[in-house]
$ cat target-v5.txt   # compact mmCIF, C-alpha atoms (C1' of nucleotides)
# COMPACT_ATOMS: atom_id res chain seq x y z
CA MET T 1321 -13.40 -28.23 35.90
CA ALA T 1322 -11.92 -31.61 35.15
CA GLU T 1323 -11.95 -31.85 31.40
CA SER T 1324 -9.42 -34.65 31.49
CA SER T 1325 -12.11 -36.98 30.23
CA THR T 1326 -12.66 -34.77 27.20
CA PRO T 1327 -9.60 -34.58 24.98
CA SER T 1328 -11.84 -33.03 22.36
CA ARG T 1329 -11.95 -29.73 24.16
CA GLU T 1330 -8.21 -29.47 24.51
CA ARG T 1331 -7.77 -30.49 20.89
CA ILE T 1332 -9.95 -27.60 19.85
CA VAL T 1333 -7.98 -25.12 21.94
CA ALA T 1334 -4.62 -26.38 20.69
CA GLY T 1335 -5.88 -26.34 17.13
CA ALA T 1336 -7.17 -22.82 17.60
CA ALA T 1337 -3.76 -21.65 18.76
CA ASP T 1338 -2.16 -23.20 15.72
CA LEU T 1339 -4.68 -21.86 13.24
CA ILE T 1340 -4.62 -18.38 14.74
CA SER T 1341 -0.84 -18.36 14.58
CA ARG T 1342 -1.12 -18.96 10.85
CA ARG T 1343 -4.09 -17.00 9.59
CA GLY T 1344 -4.59 -14.39 12.26
CA LEU T 1345 -7.51 -14.07 14.62
CA ASN T 1346 -10.20 -12.42 12.54
CA ALA T 1347 -9.38 -14.55 9.52
CA THR T 1348 -9.82 -17.83 11.39
CA SER T 1349 -13.37 -19.13 11.35
CA ILE T 1350 -14.96 -21.38 13.89
CA ARG T 1351 -15.94 -23.76 11.13
CA GLU T 1352 -12.31 -24.13 10.09
CA LEU T 1353 -11.37 -24.58 13.70
CA ALA T 1354 -13.85 -27.37 14.21
CA LYS T 1355 -12.77 -29.15 11.06
CA HIS T 1356 -9.10 -28.76 11.95
CA ALA T 1357 -9.74 -30.34 15.35
CA LYS T 1358 -12.01 -33.00 13.85
CA ALA T 1359 -14.79 -31.81 16.09
CA PRO T 1360 -18.32 -30.92 15.02
CA LEU T 1361 -19.25 -27.29 14.82
CA GLY T 1362 -21.92 -27.72 17.46
CA SER T 1363 -19.33 -28.93 19.93
CA THR T 1364 -17.37 -25.73 19.82
CA TYR T 1365 -20.39 -23.85 21.09
CA HIS T 1366 -21.02 -26.58 23.62
CA TYR T 1367 -17.52 -26.27 25.07
CA PHE T 1368 -17.16 -22.53 24.54
CA PRO T 1369 -20.61 -21.02 25.01
CA GLU T 1370 -19.26 -17.50 24.75
CA GLY T 1371 -18.22 -18.20 21.20
CA LYS T 1372 -15.18 -17.12 19.30
CA GLN T 1373 -14.03 -14.65 21.90
CA GLN T 1374 -13.76 -17.31 24.56
CA LEU T 1375 -12.07 -19.73 22.21
CA ALA T 1376 -9.50 -17.15 21.18
CA THR T 1377 -8.82 -16.23 24.78
CA GLU T 1378 -8.25 -19.81 25.82
CA ALA T 1379 -6.05 -20.44 22.80
CA VAL T 1380 -3.81 -17.52 23.70
CA GLN T 1381 -3.67 -18.62 27.33
CA TYR T 1382 -2.86 -22.15 26.23
CA ALA T 1383 0.00 -21.06 24.01
CA GLY T 1384 1.28 -18.56 26.54
CA ALA T 1385 1.35 -21.16 29.29
CA ALA T 1386 3.00 -23.76 27.09
CA VAL T 1387 5.83 -21.40 26.22
CA ALA T 1388 6.16 -20.27 29.83
CA ARG T 1389 6.47 -23.86 30.96
CA ILE T 1390 9.33 -24.54 28.57
CA LEU T 1391 10.95 -21.25 29.48
CA ARG T 1392 10.73 -21.97 33.19
CA LYS T 1393 12.32 -25.34 32.79
CA GLU T 1394 15.20 -24.28 30.58
CA LEU T 1395 15.96 -21.15 32.57
CA ASP T 1396 17.12 -23.45 35.35
CA GLU T 1397 20.31 -23.80 33.35
CA GLY T 1398 20.73 -20.04 33.20
CA PRO T 1399 19.54 -17.16 31.04
CA VAL T 1400 21.55 -18.12 27.99
CA ALA T 1401 20.16 -21.65 28.02
CA GLY T 1402 16.67 -20.26 28.44
CA LEU T 1403 17.19 -17.83 25.59
CA ARG T 1404 18.40 -20.64 23.38
CA ALA T 1405 15.38 -22.78 24.21
CA PHE T 1406 13.07 -19.85 23.54
CA LEU T 1407 14.66 -19.30 20.17
CA ALA T 1408 14.75 -22.98 19.30
CA LEU T 1409 11.08 -23.33 20.14
CA TRP T 1410 10.00 -20.66 17.70
CA ARG T 1411 12.53 -21.72 15.15
CA GLY T 1412 11.02 -25.18 15.13
CA ILE T 1413 7.50 -23.86 14.70
CA VAL T 1414 8.45 -21.64 11.77
CA VAL T 1415 10.61 -24.25 10.06
CA GLU T 1416 8.26 -27.18 10.52
CA SER T 1417 5.35 -25.19 9.16
CA ASP T 1418 7.44 -24.05 6.19
CA PHE T 1419 7.04 -20.41 7.25
CA HIS T 1420 3.28 -20.70 7.59
CA ALA T 1421 2.93 -20.60 11.36
CA GLY T 1422 4.15 -17.99 13.80
CA CYS T 1423 3.25 -16.86 17.28
CA PRO T 1424 -0.46 -16.91 18.14
CA VAL T 1425 0.04 -14.33 20.85
CA LEU T 1426 1.49 -11.87 18.39
CA ALA T 1427 -1.29 -12.64 15.93
CA VAL T 1428 -3.89 -11.63 18.48
CA ALA T 1429 -1.91 -8.59 19.59
CA VAL T 1430 -1.91 -6.98 16.15
CA GLU T 1431 -5.66 -6.88 15.58
CA GLU T 1432 -7.66 -3.84 16.48
CA PRO T 1433 -9.90 -3.96 19.54
CA PRO T 1434 -13.46 -2.61 19.04
CA ALA T 1435 -12.49 0.83 20.32
CA ASP T 1436 -14.85 0.88 23.26
CA GLU T 1437 -13.86 -2.29 25.09
CA ILE T 1438 -10.82 -4.50 25.50
CA PRO T 1439 -11.46 -8.06 24.36
CA PRO T 1440 -10.31 -10.73 26.81
CA ALA T 1441 -8.12 -12.34 24.15
CA LEU T 1442 -6.04 -9.17 23.98
CA VAL T 1443 -5.71 -9.13 27.75
CA ALA T 1444 -4.56 -12.73 27.59
CA ALA T 1445 -1.95 -11.76 25.01
CA ALA T 1446 -0.62 -9.01 27.24
CA GLU T 1447 -0.43 -11.44 30.14
CA ALA T 1448 1.44 -13.99 28.04
CA PHE T 1449 4.05 -11.43 27.04
CA GLU T 1450 4.32 -10.19 30.60
CA GLY T 1451 4.79 -13.71 31.92
CA TRP T 1452 7.62 -14.48 29.53
CA GLU T 1453 9.32 -11.18 30.32
CA GLN T 1454 9.15 -11.77 34.05
CA LEU T 1455 10.63 -15.25 33.76
CA LEU T 1456 13.50 -13.92 31.70
CA ALA T 1457 14.06 -10.88 33.91
CA GLN T 1458 14.10 -12.96 37.04
CA SER T 1459 16.68 -15.30 35.59
CA LEU T 1460 18.83 -12.41 34.41
CA ARG T 1461 18.75 -10.83 37.86
CA GLY T 1462 19.57 -14.16 39.44
CA HIS T 1463 22.69 -14.51 37.34
CA GLY T 1464 24.29 -11.18 37.98
CA ALA T 1465 22.63 -8.84 35.54
CA ASP T 1466 22.02 -5.28 36.65
CA PRO T 1467 18.64 -5.55 38.39
CA GLU T 1468 17.56 -2.25 36.92
CA ARG T 1469 18.39 -3.33 33.42
CA ALA T 1470 16.95 -6.84 33.61
CA PRO T 1471 13.34 -5.93 32.76
CA GLY T 1472 14.50 -3.91 29.79
CA LEU T 1473 16.64 -6.74 28.52
CA ALA T 1474 13.79 -9.19 28.96
CA ALA T 1475 11.48 -6.92 26.99
CA LEU T 1476 14.09 -6.61 24.28
CA ILE T 1477 14.38 -10.37 24.03
CA VAL T 1478 10.67 -11.00 23.73
CA ALA T 1479 10.11 -8.10 21.34
CA SER T 1480 12.99 -8.95 19.05
CA VAL T 1481 12.13 -12.64 18.88
CA GLU T 1482 8.48 -11.90 18.12
CA GLY T 1483 9.45 -9.42 15.46
CA ALA T 1484 12.02 -11.75 13.98
CA ILE T 1485 9.46 -14.54 13.66
CA ALA T 1486 7.27 -12.29 11.55
CA MET T 1487 10.23 -11.17 9.47
CA CYS T 1488 11.20 -14.78 8.82
CA ARG T 1489 7.73 -15.51 7.53
CA ALA T 1490 7.78 -12.54 5.19
CA LYS T 1491 11.25 -13.28 3.86
CA ARG T 1492 10.73 -17.03 3.85
CA SER T 1493 14.15 -17.27 5.46
CA MET T 1494 15.37 -18.05 8.94
CA GLN T 1495 18.03 -15.37 8.70
CA PRO T 1496 16.28 -12.72 10.83
CA LEU T 1497 15.75 -15.09 13.74
CA ASP T 1498 19.30 -16.37 13.49
CA GLN T 1499 20.70 -12.85 13.35
CA VAL T 1500 18.65 -11.83 16.36
CA ALA T 1501 19.73 -14.97 18.19
CA GLN T 1502 23.38 -14.15 17.70
CA GLN T 1503 23.05 -10.53 18.76
CA LEU T 1504 21.01 -11.44 21.82
CA GLU T 1505 23.48 -14.09 22.94
CA VAL T 1506 26.35 -11.65 22.82
CA LEU T 1507 24.32 -9.01 24.57
CA ILE T 1508 23.07 -11.28 27.34
CA ALA T 1509 26.42 -12.90 27.94
CA GLY T 1510 27.93 -9.46 28.33
CA ALA T 1511 25.26 -8.32 30.74
CA LEU T 1512 25.76 -11.22 33.16
CA ASP T 1513 28.10 -11.47 36.09
CA ASP T 1514 31.23 -13.17 34.79
CA SER T 1515 31.52 -15.27 37.90
CA ALA T 1516 28.22 -17.01 37.21
CA MET E 587 2.32 6.79 -14.04
CA ALA E 588 1.35 10.33 -13.16
CA GLU E 589 -1.56 9.98 -10.82
CA SER E 590 -0.93 13.44 -9.45
CA SER E 591 -4.24 14.54 -10.88
CA THR E 592 -5.99 11.78 -8.93
CA PRO E 593 -5.56 12.19 -5.20
CA SER E 594 -8.32 9.64 -4.82
CA ARG E 595 -6.07 6.76 -5.72
CA GLU E 596 -3.38 7.76 -3.27
CA ARG E 597 -5.97 8.34 -0.59
CA ILE E 598 -7.16 4.80 -1.03
CA VAL E 599 -3.64 3.40 -0.74
CA ALA E 600 -2.80 5.46 2.32
CA GLY E 601 -6.10 4.53 3.92
CA ALA E 602 -5.47 0.90 3.16
CA ALA E 603 -2.12 1.05 4.92
CA ASP E 604 -3.76 2.60 7.95
CA LEU E 605 -6.68 0.21 8.07
CA ILE E 606 -4.49 -2.84 7.54
CA SER E 607 -2.21 -1.68 10.33
CA ARG E 608 -5.20 -1.72 12.64
CA ARG E 609 -7.35 -4.66 11.69
CA GLY E 610 -4.95 -6.92 9.84
CA LEU E 611 -5.03 -7.82 6.18
CA ASN E 612 -7.69 -10.50 5.98
CA ALA E 613 -9.96 -8.65 8.36
CA THR E 614 -9.95 -5.48 6.29
CA SER E 615 -12.65 -5.38 3.63
CA ILE E 616 -12.57 -3.41 0.44
CA ARG E 617 -15.90 -1.88 1.35
CA GLU E 618 -14.45 -0.53 4.58
CA LEU E 619 -11.45 0.69 2.66
CA ALA E 620 -13.55 2.59 0.17
CA LYS E 621 -15.65 4.15 2.89
CA HIS E 622 -12.56 5.09 4.91
CA ALA E 623 -11.08 6.82 1.87
CA LYS E 624 -14.43 8.39 0.96
CA ALA E 625 -14.23 6.68 -2.40
CA PRO E 626 -16.93 4.59 -4.01
CA LEU E 627 -16.51 0.84 -4.03
CA GLY E 628 -16.47 0.75 -7.81
CA SER E 629 -13.48 3.08 -7.86
CA THR E 630 -11.29 0.67 -5.97
CA TYR E 631 -11.70 -1.86 -8.75
CA HIS E 632 -11.18 0.84 -11.29
CA TYR E 633 -7.85 1.87 -9.80
CA PHE E 634 -6.80 -1.59 -8.67
CA PRO E 635 -8.17 -4.03 -11.23
CA GLU E 636 -6.38 -6.94 -9.62
CA GLY E 637 -8.46 -6.43 -6.52
CA LYS E 638 -7.55 -6.75 -2.91
CA GLN E 639 -4.20 -8.35 -3.56
CA GLN E 640 -2.98 -5.40 -5.58
CA LEU E 641 -4.34 -2.93 -3.08
CA ALA E 642 -2.63 -4.66 -0.20
CA THR E 643 0.64 -4.82 -2.09
CA GLU E 644 0.61 -1.14 -2.89
CA ALA E 645 -0.34 -0.27 0.67
CA VAL E 646 2.64 -2.18 2.02
CA GLN E 647 4.96 -0.60 -0.54
CA TYR E 648 3.58 2.81 0.31
CA ALA E 649 4.16 2.39 4.03
CA GLY E 650 7.54 0.78 3.51
CA ALA E 651 8.71 3.63 1.30
CA ALA E 652 7.40 6.29 3.65
CA VAL E 653 9.31 4.84 6.57
CA ALA E 654 12.42 4.36 4.44
CA ARG E 655 12.30 8.01 3.40
CA ILE E 656 12.21 9.21 6.99
CA LEU E 657 14.90 6.76 7.96
CA ARG E 658 17.17 7.84 5.12
CA LYS E 659 16.84 11.48 6.06
CA GLU E 660 17.42 11.08 9.78
CA LEU E 661 20.29 8.65 9.37
CA ASP E 662 22.27 11.54 7.94
CA GLU E 663 22.75 12.63 11.53
CA GLY E 664 24.11 9.21 12.44
CA PRO E 665 22.73 5.82 13.50
CA VAL E 666 21.54 6.95 16.90
CA ALA E 667 19.58 9.83 15.41
CA GLY E 668 18.09 7.48 12.84
CA LEU E 669 17.17 4.98 15.52
CA ARG E 670 15.49 7.70 17.53
CA ALA E 671 13.50 8.87 14.52
CA PHE E 672 12.48 5.30 13.75
CA LEU E 673 11.27 4.81 17.29
CA ALA E 674 9.57 8.20 17.46
CA LEU E 675 7.73 7.48 14.23
CA TRP E 676 6.15 4.31 15.53
CA ARG E 677 5.61 5.75 18.94
CA GLY E 678 3.57 8.52 17.41
CA ILE E 679 1.44 6.11 15.41
CA VAL E 680 0.67 3.94 18.41
CA VAL E 681 0.00 6.82 20.77
CA GLU E 682 -2.08 8.90 18.37
CA SER E 683 -4.26 5.92 17.54
CA ASP E 684 -4.69 5.12 21.22
CA PHE E 685 -3.04 1.72 20.71
CA HIS E 686 -5.27 0.85 17.77
CA ALA E 687 -2.79 1.16 14.93
CA GLY E 688 0.53 -0.56 14.45
CA CYS E 689 2.78 -1.45 11.55
CA PRO E 690 1.02 -2.46 8.33
CA VAL E 691 4.06 -4.35 7.14
CA LEU E 692 4.02 -6.54 10.22
CA ALA E 693 0.27 -7.02 9.85
CA VAL E 694 0.75 -8.44 6.38
CA ALA E 695 3.74 -10.52 7.42
CA VAL E 696 1.80 -12.50 10.03
CA GLU E 697 -0.93 -13.84 7.78
CA GLU E 698 -0.61 -17.21 6.17
CA PRO E 699 0.07 -17.40 2.45
CA PRO E 700 -2.10 -19.85 0.46
CA ALA E 701 0.50 -22.60 0.72
CA ASP E 702 1.12 -22.98 -2.98
CA GLU E 703 2.04 -19.45 -3.98
CA ILE E 704 3.58 -16.37 -2.42
CA PRO E 705 1.25 -13.38 -2.55
CA PRO E 706 2.85 -10.17 -3.81
CA ALA E 707 1.86 -8.34 -0.63
CA LEU E 708 4.05 -10.70 1.38
CA VAL E 709 6.95 -10.10 -0.99
CA ALA E 710 6.43 -6.37 -0.55
CA ALA E 711 6.56 -6.82 3.22
CA ALA E 712 9.84 -8.69 2.98
CA GLU E 713 11.25 -5.95 0.77
CA ALA E 714 10.15 -3.25 3.20
CA PHE E 715 11.89 -4.98 6.10
CA GLU E 716 14.97 -5.57 3.99
CA GLY E 717 15.09 -1.93 2.92
CA TRP E 718 14.95 -0.65 6.48
CA GLU E 719 17.62 -3.11 7.57
CA GLN E 720 19.97 -2.10 4.80
CA LEU E 721 19.61 1.59 5.56
CA LEU E 722 20.38 0.97 9.21
CA ALA E 723 23.26 -1.41 8.49
CA GLN E 724 24.84 0.98 6.05
CA SER E 725 24.72 3.81 8.56
CA LEU E 726 26.16 1.61 11.29
CA ARG E 727 29.05 0.57 9.07
CA GLY E 728 29.63 4.16 8.09
CA HIS E 729 30.01 5.19 11.69
CA GLY E 730 32.53 2.66 12.84
CA ALA E 731 30.49 -0.39 13.68
CA ASP E 732 32.02 -3.78 12.95
CA PRO E 733 31.00 -4.37 9.33
CA GLU E 734 30.33 -8.00 10.03
CA ARG E 735 28.03 -7.20 12.89
CA ALA E 736 26.15 -4.33 11.27
CA PRO E 737 23.54 -6.43 9.44
CA GLY E 738 22.81 -8.38 12.60
CA LEU E 739 22.38 -5.22 14.60
CA ALA E 740 20.12 -3.75 11.95
CA ALA E 741 17.98 -6.87 11.97
CA LEU E 742 17.81 -6.72 15.76
CA ILE E 743 16.64 -3.12 15.63
CA VAL E 744 13.87 -3.75 13.12
CA ALA E 745 12.73 -6.97 14.78
CA SER E 746 12.66 -5.59 18.29
CA VAL E 747 10.84 -2.41 17.30
CA GLU E 748 8.23 -4.35 15.34
CA GLY E 749 7.75 -6.75 18.21
CA ALA E 750 7.60 -3.95 20.75
CA ILE E 751 4.86 -2.17 18.77
CA ALA E 752 2.70 -5.27 18.98
CA MET E 753 3.44 -5.67 22.68
CA CYS E 754 2.47 -2.07 23.33
CA ARG E 755 -0.88 -2.64 21.67
CA ALA E 756 -1.56 -5.74 23.73
CA LYS E 757 -0.54 -4.14 27.01
CA ARG E 758 -2.05 -0.79 26.13
CA SER E 759 1.18 0.75 27.40
CA MET E 760 4.18 2.33 25.74
CA GLN E 761 6.53 0.62 28.16
CA PRO E 762 7.75 -2.13 25.80
CA LEU E 763 8.73 0.32 23.09
CA ASP E 764 10.41 2.62 25.61
CA GLN E 765 12.31 -0.28 27.16
CA VAL E 766 13.46 -1.46 23.76
CA ALA E 767 14.44 2.08 22.84
CA GLN E 768 16.67 2.39 25.86
CA GLN E 769 18.35 -0.97 25.38
CA LEU E 770 18.93 -0.34 21.70
CA GLU E 771 20.45 3.06 22.30
CA VAL E 772 22.98 1.68 24.74
CA LEU E 773 23.75 -1.21 22.45
CA ILE E 774 24.20 0.90 19.34
CA ALA E 775 26.24 3.58 21.06
CA GLY E 776 28.57 0.89 22.32
CA ALA E 777 28.94 -0.70 18.92
CA LEU E 778 30.05 2.50 17.21
CA ASP E 779 33.51 3.89 16.79
CA ASP E 780 34.03 6.31 19.66
CA SER E 781 35.75 8.82 17.41
CA ALA E 782 32.57 9.34 15.39
C1' DG F 329 -22.01 21.22 -28.90
C1' DC F 330 -20.46 16.65 -29.08
C1' DT F 331 -18.15 12.81 -28.42
C1' DA F 332 -14.73 9.77 -25.87
C1' DG F 333 -12.97 8.09 -21.91
C1' DA F 334 -12.19 8.42 -17.08
C1' DC F 335 -14.71 7.93 -13.00
C1' DT F 336 -19.04 6.87 -10.19
C1' DA F 337 -23.33 4.69 -8.77
C1' DT F 338 -25.87 0.67 -7.96
C1' DG F 339 -26.99 -3.85 -7.57
C1' DA F 340 -26.26 -8.46 -7.96
C1' DC F 341 -23.66 -13.21 -7.58
C1' DG F 342 -22.29 -17.12 -4.73
C1' DA F 343 -19.85 -17.99 -0.72
C1' DG F 344 -18.63 -17.85 3.90
C1' DC F 345 -19.24 -15.79 8.42
C1' DG F 346 -20.86 -16.08 13.85
C1' DT F 347 -24.45 -17.67 16.11
C1' DT F 348 -28.68 -20.07 17.51
C1' DA F 349 -32.16 -23.68 17.61
C1' DT F 350 -33.75 -28.14 17.50
C1' DA F 351 -33.69 -32.83 17.12
C1' DG F 352 -31.01 -37.13 17.56
C1' DC F 353 -27.58 -40.19 19.49
C1' DC F 354 -25.64 -42.99 23.08
C1' DA F 355 -23.22 -44.17 27.42
C1' DG F 356 -24.12 -44.89 32.23
C1' DA F 357 -27.16 -44.54 36.51
C1' DG F 358 -31.34 -46.12 38.63
C1' DC U 1106 -35.20 -51.47 30.60
C1' DT U 1107 -35.81 -46.75 31.11
C1' DC U 1108 -34.34 -42.40 31.58
C1' DT U 1109 -31.18 -38.61 31.90
C1' DG U 1110 -27.68 -35.60 30.30
C1' DG U 1111 -23.48 -34.83 27.74
C1' DC U 1112 -22.33 -34.63 23.10
C1' DT U 1113 -23.41 -34.49 18.04
C1' DA U 1114 -25.79 -33.56 13.73
C1' DT U 1115 -28.14 -30.49 10.74
C1' DA U 1116 -30.31 -26.62 9.26
C1' DA U 1117 -31.27 -22.09 9.39
C1' DC U 1118 -30.97 -16.72 10.63
C1' DG U 1119 -29.13 -12.32 8.91
C1' DC U 1120 -25.00 -10.45 7.55
C1' DT U 1121 -20.74 -9.30 5.12
C1' DC U 1122 -17.35 -10.75 2.01
C1' DG U 1123 -14.66 -10.31 -2.93
C1' DT U 1124 -15.83 -9.65 -7.31
C1' DC U 1125 -18.19 -8.43 -11.44
C1' DA U 1126 -21.47 -6.09 -14.66
C1' DT U 1127 -23.96 -2.39 -16.21
C1' DA U 1128 -25.62 1.99 -16.60
C1' DG U 1129 -24.93 6.77 -15.44
C1' DT U 1130 -22.25 11.19 -14.88
C1' DC U 1131 -18.83 14.41 -15.71
C1' DT U 1132 -14.92 16.62 -17.89
C1' DA U 1133 -11.42 17.56 -21.91
C1' DG U 1134 -10.47 18.00 -26.53
C1' DC U 1135 -12.15 18.87 -30.95

$ encode --input "target-v5.txt" --output "structure tokens"
Amino acid sequence: MAESSTPSRERIVAGAADLISRRGLNATSIRELAKHAKAPLGSTYHYFPEGKQQLATEAVQYAGAAVARILRKELDEGPVAGLRAFLALWRGIVVESDFHAGCPVLAVAVEEPPADEIPPALVAAAEAFEGWEQLLAQSLRGHGADPERAPGLAALIVASVEGAIAMCRAKRSMQPLDQVAQQLEVLIAGALDDSA
Amino acid sequence: MAESSTPSRERIVAGAADLISRRGLNATSIRELAKHAKAPLGSTYHYFPEGKQQLATEAVQYAGAAVARILRKELDEGPVAGLRAFLALWRGIVVESDFHAGCPVLAVAVEEPPADEIPPALVAAAEAFEGWEQLLAQSLRGHGADPERAPGLAALIVASVEGAIAMCRAKRSMQPLDQVAQQLEVLIAGALDDSA
DNA sequence: GCTAGACTATGACGAGCGTTATAGCCAGAG
DNA sequence: CTCTGGCTATAACGCTCGTCATAGTCTAGC
């Protein structure tokens, strides 16, 4: 349980999230992953005996939890502050990678499952999205938004930001994310109780 | 130019768009593509001598143009009608594929370019997004929306629908797309001139 | 009928894949 | 010092990949 004595394992997971966010899940090899994390190939199968599937699942969970943590903290200042932090987080990732990196959760979500079973990594992606939506919806409700509309607004936020990240990468421009940011801010501000 | 006598070529391109929308670009092999289009492997290199890159580019252009055509037609009835057609189009693809297929343009947009050059397929993806946005923005402006806000709204529509498609696949539920549809309809209706 | 050119069939090339197996290292417990 | 067990190193397995080359088939035009 306590892998605190093994930074190698966490380095592999974090590196996997990064590499998957760039290349996509199926296009990321375990050999690349090991090299990227400066870990030997054998170690990946030592730490993740179920192979690539387990590694991908943990990478998605890792990224999902990291974003949720930031979101939870910034939402203390209200939905608009949380939205801004959410946007700034992704903006930083796209800009600092020169449009090479995106969202690992989205990357996993857009690859076909084997038709007869649902891979755990895809389930983890769904849970990551759901977690972000619930944090946003809860904050919206808590600041005077129509409780019936809050989940829809939260879904719109997550969906539009995820889509905008991909559009930024294709266009090699931050314009889509900035446009979405502006529209969302107006929309959210208008949906909140003015007294808040 | 006139490949009307060769349905094989178009079948390959259409099949490529479908397969890429499911598996992702890097995870789709030319052998699978040929088999899916019932064409021999050699034919793909006959029709697309520049290989996978050319095939991917044409597949993205094909899908982008097909969506643009539908959008252009339905936007004649106004922005809300166009939005509904846009949503219904993707909804059909996701539902009929049992959450296996998505948007091929998004699939190409989320895979890392080789760092030193921009692959033509990625350029095609950017152009597809841009085309959809311009059609939507033009219709919004033409129906009384604030001309300065129209491009931002159009970007929000495309981004949120693309993101919602991916979320639907992960959750194996149409809820995200339906939530986004509802929020967008309210938003767009409110942004239009009431006299229209 | 015959010839040219578009298409198909087939197989090979080196490379990389996920995964497994086995042997070696090396710190810490006894 | 010895021994144990977590970690590493290395090689190999069968497979698929993108791409290319070559030979075969078929159809249109003369």

$ atom_distance --input "target-v5.txt" --atom1 "atom CA of Ala1479 of chain T" --atom2 "atom CA of Ala750 of chain E"
4.9 Å

$ closest_atom_pairs --input "target-v5.txt" --of "chain E" --to "chain F" --cutoff "12 Å" --atoms "all atoms listed in the file" --output "CSV"
residue,atom,partner,partner_atom,distance
E:Ser591,CA,F:DA334,C1',11.8
E:Thr592,CA,F:DC335,C1',10.4
E:Ser594,CA,F:DC335,C1',10.5
E:Arg595,CA,F:DC335,C1',11.4
E:Ala613,CA,F:DC345,C1',11.7
E:Ala625,CA,F:DT336,C1',9.2
E:Pro626,CA,F:DT336,C1',6.9
E:Leu627,CA,F:DT336,C1',9.0
E:Gly628,CA,F:DT336,C1',7.1
E:Ser629,CA,F:DT336,C1',7.1
E:Thr630,CA,F:DC335,C1',10.7
E:Tyr631,CA,F:DC335,C1',11.1
E:His632,CA,F:DC335,C1',8.1
E:Tyr633,CA,F:DC335,C1',9.7

$ closest_atom_pairs --input "target-v5.txt" --of "chain U" --to "chain E" --cutoff "9 Å" --atoms "only C-alpha atoms (C1' of nucleotides)" --output "Markdown table"
| residue | atom | partner | partner_atom | distance |
| --- | --- | --- | --- | --- |
| U:DC1122 | C1' | E:Ser615 | CA | 7.3 |
| U:DG1123 | C1' | E:Lys638 | CA | 8.0 |
| U:DT1124 | C1' | E:Gly637 | CA | 8.1 |

$ closest_atom_pairs --input "target-v5.txt" --of "chain T" --to "chain E" --cutoff "7 Å" --atoms "only C-alpha atoms" --output "JSON lines"
{"residue": "T:Arg1342", "atom": "CA", "partner": "E:Glu698", "partner_atom": "CA", "distance": 5.0}
{"residue": "T:Arg1343", "atom": "CA", "partner": "E:Glu697", "partner_atom": "CA", "distance": 4.8}
{"residue": "T:Gly1344", "atom": "CA", "partner": "E:Glu697", "partner_atom": "CA", "distance": 5.8}
{"residue": "T:Asn1346", "atom": "CA", "partner": "E:Ala613", "partner_atom": "CA", "distance": 5.6}
{"residue": "T:Ala1347", "atom": "CA", "partner": "E:Asn612", "partner_atom": "CA", "distance": 5.6}
{"residue": "T:His1420", "atom": "CA", "partner": "E:Glu698", "partner_atom": "CA", "distance": 5.4}
{"residue": "T:Leu1426", "atom": "CA", "partner": "E:Ala752", "partner_atom": "CA", "distance": 6.7}
{"residue": "T:Ala1427", "atom": "CA", "partner": "E:Val696", "partner_atom": "CA", "distance": 6.7}
{"residue": "T:Ala1429", "atom": "CA", "partner": "E:Ala756", "partner_atom": "CA", "distance": 5.0}
{"residue": "T:Val1430", "atom": "CA", "partner": "E:Ala752", "partner_atom": "CA", "distance": 5.7}
{"residue": "T:Glu1431", "atom": "CA", "partner": "E:Arg609", "partner_atom": "CA", "distance": 4.8}
{"residue": "T:Glu1432", "atom": "CA", "partner": "E:Arg609", "partner_atom": "CA", "distance": 4.9}
{"residue": "T:Pro1433", "atom": "CA", "partner": "E:His686", "partner_atom": "CA", "distance": 6.9}
{"residue": "T:Leu1442", "atom": "CA", "partner": "E:Ala756", "partner_atom": "CA", "distance": 5.6}
{"residue": "T:Val1443", "atom": "CA", "partner": "E:Ala756", "partner_atom": "CA", "distance": 6.7}
{"residue": "T:Ala1445", "atom": "CA", "partner": "E:Ala756", "partner_atom": "CA", "distance": 6.2}
{"residue": "T:Ala1446", "atom": "CA", "partner": "E:Lys757", "partner_atom": "CA", "distance": 4.9}
{"residue": "T:Gly1472", "atom": "CA", "partner": "E:Gln765", "partner_atom": "CA", "distance": 5.0}
{"residue": "T:Leu1473", "atom": "CA", "partner": "E:Gln769", "partner_atom": "CA", "distance": 6.8}
{"residue": "T:Ala1475", "atom": "CA", "partner": "E:Pro762", "partner_atom": "CA", "distance": 6.2}
{"residue": "T:Leu1476", "atom": "CA", "partner": "E:Val766", "partner_atom": "CA", "distance": 5.2}
{"residue": "T:Ala1479", "atom": "CA", "partner": "E:Gly749", "partner_atom": "CA", "distance": 4.1}
{"residue": "T:Ser1480", "atom": "CA", "partner": "E:Ser746", "partner_atom": "CA", "distance": 3.5}
{"residue": "T:Glu1482", "atom": "CA", "partner": "E:Gly749", "partner_atom": "CA", "distance": 5.2}
{"residue": "T:Gly1483", "atom": "CA", "partner": "E:Ala745", "partner_atom": "CA", "distance": 4.2}
{"residue": "T:Ala1484", "atom": "CA", "partner": "E:Ala745", "partner_atom": "CA", "distance": 4.9}
{"residue": "T:Ala1486", "atom": "CA", "partner": "E:Val696", "partner_atom": "CA", "distance": 5.7}
{"residue": "T:Met1487", "atom": "CA", "partner": "E:Ala695", "partner_atom": "CA", "distance": 6.8}
{"residue": "T:Arg1489", "atom": "CA", "partner": "E:Ala695", "partner_atom": "CA", "distance": 6.4}
{"residue": "T:Ala1490", "atom": "CA", "partner": "E:Ala712", "partner_atom": "CA", "distance": 4.9}
{"residue": "T:Lys1491", "atom": "CA", "partner": "E:Ala712", "partner_atom": "CA", "distance": 4.9}
{"residue": "T:Pro1496", "atom": "CA", "partner": "E:Ala741", "partner_atom": "CA", "distance": 6.2}
{"residue": "T:Gln1499", "atom": "CA", "partner": "E:Gly738", "partner_atom": "CA", "distance": 5.0}
{"residue": "T:Val1500", "atom": "CA", "partner": "E:Leu742", "partner_atom": "CA", "distance": 5.2}
{"residue": "T:Gln1503", "atom": "CA", "partner": "E:Gly738", "partner_atom": "CA", "distance": 6.5}
